[in-house]
Each structure stands twice: as C-alpha cells, then as structure tokens.
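Visitor: Have a look at the structure that comes next, please.
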Amino acid sequence: MTVSPSASVWWSAVRRESRRAGPTLLASGPDLTHAEEELTAIAGLRPDSLVLRDRDATPSAILAALDGASLAHLAAHGYHEPENVLFSRLDFADGPLMAYDIARLSTPPAHVTLSACDVGQSTVTIGDESLGFTAALLHAGTDTVVSSVTKVEHSAAADVMTAYHAGLVAGHRPARALAEASARQPFTSFVCYGAG
C-alpha cells in the first residue's frame, strides 16, 4: 500500500517518475550503531552512488547532493516537531538538515528513503494541510518517500532498508519492495508515501 496526500499528487508523481534520472546519494549521520554496515550494504547494491559519511555528511553537502538525485538514502536520527513541523529534522555531522531546507532544492530527488525515527509523521494544520519532513519532500516534488512513523531500532531499520533496496534493484515497485522487506522485521513502521 502507498499513502499519498491526494489522488492528483499520486497521479502527478506516477507520471513524473519514469522521466527522472540523476545520481544516487547515500548518507549517514552520527551515533547510529548500524549505519556503516547499512550504507556499505546498499552501496554494494548501487556501486555508482555518492556516499557521504562521518565529517563529509554535512547538511550543506547533503542538500547539494539531493538536488537532482534520482534516489537518496538518508540514515540518521530523525525528529518530528509537532509544534513547529518545519523544524522536523535529520541529524548529520555538523548539525541538522531541517524540513524547511527542502524548499531550497531546485530539482528535488525523485525517490528518498529515510532510515530514521519519526520523520514519517505529519501534523495536519488548518486547511487540512499535512506538514512534516516527509510532507516537505512530497510538496517539493519528490515522487516517492519511504519513512517511519515511530521510533525504529537501528539494527531492524538497517535490515529492512537493505532488503528494500535489494527489492528495488530487482525491479520491484517501492510499495512491494517495502512490504517484502518489512516482513523481515514485522514491528518496524516504515510507510511508502507518494507514487509507490
């Protein structure tokens, strides 16, 4: 199953996704026990990827690499801020990548996987607008976002995300790849948003 803000957003994303091409970005933030093995495993599946880790994985470097990317996988501590949703963030080397930073992209990435806690959550505001980190990517024009709506244990997230990317490389649609990968760790809460 895929969650989308509306049928028109879903249809626009489906029509756009086949025309997107660009580099693949893999990046990890600090203090994640299994981030190194997660990025190494996914890089093995996607050998032409730009990999940013440790001190190289700064918000500015990640934002620059996100612009025009066909796929981005971001493994970091994530936080949804319900009181001010544009301050939802992912923690990287020298500070956070904020939801409001996504608006600076001229060409948003086509597909983003967020191996992080909570950033799949959104807060619905007056006018029924859904806001948060995942919503910021969808509003910017990202076709598909995979993110978690709750806290996820690091090893479980790494296992699901590695299996998810293996499914994508095998040619599965994102929703199917996520369903099959999530069966390995049934207590994870990753959701496929957008075109799926």
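Ordering of the structure tokens sets the chain letters (A, B, ...); residue numbers start at 1 within each chain; ligands are numbered from 1 in the order shown.
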Hey, what's within 12 Å of Ala175 of chain A if we count only C-alpha atoms and toss same-chain stuff fewer than 3 positions away? As a list in words, please?
Guide: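 Listed by chain and then number, they are Met1, Thr2, Val3, Ser4, Thr144, Val145, Val146, Ser147, Tyr164, His165, Gly167, Leu168, Gly171, His172, Leu178, Ala179, Glu180, Ala181, Ser182, Phe190, Val191, Cys192, Tyr193, Gly194, Ala195 and Gly196 of chain A.
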Visitor: Neighbouring residues of Val169 of chain A were defined as those with any atom within 12 Å, considering only C-alpha atoms; residues of the same chain fewer than 3 positions away were excluded. Please report them as a VMD selection string.
Guide: chain A and resid 42 to 47 71 162 to 166 172 to 174 177
Visitor: Given the selection you just returned, output its residues as a file containing C-alpha atoms, formatted as a short mmCIF file (atom, residue, chain, number, x, y, z; two decimals), in the first residue's frame.
Guide:
data_model
loop_
_atom_site.label_atom_id
_atom_site.label_comp_id
_atom_site.auth_asym_id
_atom_site.auth_seq_id
_atom_site.Cartn_x
_atom_site.Cartn_y
_atom_site.Cartn_z
CA ILE A 42 23.32 -0.53 -0.02
CA ALA A 43 26.44 0.83 -1.77
CA GLY A 44 27.18 -2.77 -2.79
CA LEU A 45 23.78 -2.86 -4.50
CA ARG A 46 24.28 0.61 -6.03
CA PRO A 47 28.02 0.85 -6.81
CA LEU A 71 17.46 8.28 -5.36
CA THR A 162 18.98 -3.11 2.92
CA ALA A 163 16.28 -5.59 1.88
CA TYR A 164 14.19 -2.73 0.49
CA HIS A 165 16.99 -1.53 -1.78
CA ALA A 166 17.66 -5.11 -2.89
CA HIS A 172 10.06 -4.28 -7.69
CA ARG A 173 7.86 -1.19 -7.24
CA PRO A 174 8.61 0.67 -3.97
CA ALA A 177 9.75 -3.89 -2.10
#
Visitor: Could you tell me how far atom CA of Leu26 of chain A lies from atom CA of Leu74 of chain A, in Å and to one decimal?
Guide: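 Separation of atom CA of Leu26 of chain A and atom CA of Leu74 of chain A: 6.1 Å.
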Visitor: Within chain A, find each residue whose DSSP state, derived from the backbone, is strand (DSSP E or B), and express the selection as a PyMOL selection string.
Guide: chain A and resi 3+24-28+50-52+71-75+78-79+89-92+95-98+111-115+123-124+130-131+144-148+190-194
Visitor: Give me, as a PyMOL selection string, the residues of segment 1-192 of chain A that a backbone DSSP run labels alpha helix (DSSP H).
Guide: chain A and resi 7-17+35-45+59-66+133-140+154-169+174-182
Visitor: Find the spatial neighbours of Ala140 of chain A, counting only C-alpha atoms, within a cut-off of 9 Å - ignore same-chain residues fewer than 4 positions away - and output them as a ChimeraX atom specification.
Guide: /A:102-103,105-108,135-136
Visitor: Generate the output file for the selected residues, C-alpha atoms, as a tab-separated table (two decimals), in the first residue's frame.
Guide:
chain	number	residue	atom	x	y	z
A	102	ILE	CA	13.99	21.07	1.37
A	103	ALA	CA	12.34	24.15	-0.17
A	105	LEU	CA	16.13	22.42	-3.79
A	106	SER	CA	15.69	23.42	-7.42
A	107	THR	CA	15.15	19.79	-8.50
A	108	PRO	CA	14.01	17.58	-5.62
A	135	ALA	CA	5.47	16.04	3.60
A	136	ALA	CA	8.13	18.67	2.80
Visitor: Using only C-alpha atoms, find the one residue out of A:Gly95, A:Pro82, A:Gly141, A:Pro23 that sits nearest to Ser49 of chain A.
Guide: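 Distance minimum relative to Ser49 of chain A lands on A:Pro23.
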Visitor: Need the shell around Arg53 of chain A: protein/DNA/RNA residues with any atom at most 12 Å away, counting only C-alpha atoms. Skip same-chain ones fewer than 2 positions apart. Format as a ChimeraX atom specification?
Guide: /A:25-32,35-40,50-51,55-59,61-62,73-76,92-94
Visitor: Enter the distance from atom CA of Thr24 of chain A to atom CA of Met98 of chain A, in Å, rounded to one decimal.
Guide: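 Going from atom CA of Thr24 of chain A over to atom CA of Met98 of chain A, I get 20.5 Å.
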Visitor: Looking at A:Asp91, A:Asp143, A:Glu153, A:Asp159, which one is nearest to Ala72 of chain A, with distances taken over only C-alpha atoms?
Guide: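 Looking only at the distances to Ala72 of chain A, the closest residue turns out to be A:Asp143.
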Visitor: Quote the spacing between atom CA of His139 of chain A and atom CA of Met161 of chain A in Å to one decimal place.
Guide: 23.4 Å
Visitor: Which residue, A:Ser70, A:Arg104, A:Ser60, A:Ala41, has the smallest gap to Ala158 of chain A when you use only C-alpha atoms?
Guide: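 Between A:Ser70, A:Arg104, A:Ser60, A:Ala41, the residue approaching Ala158 of chain A most closely is A:Ala41.
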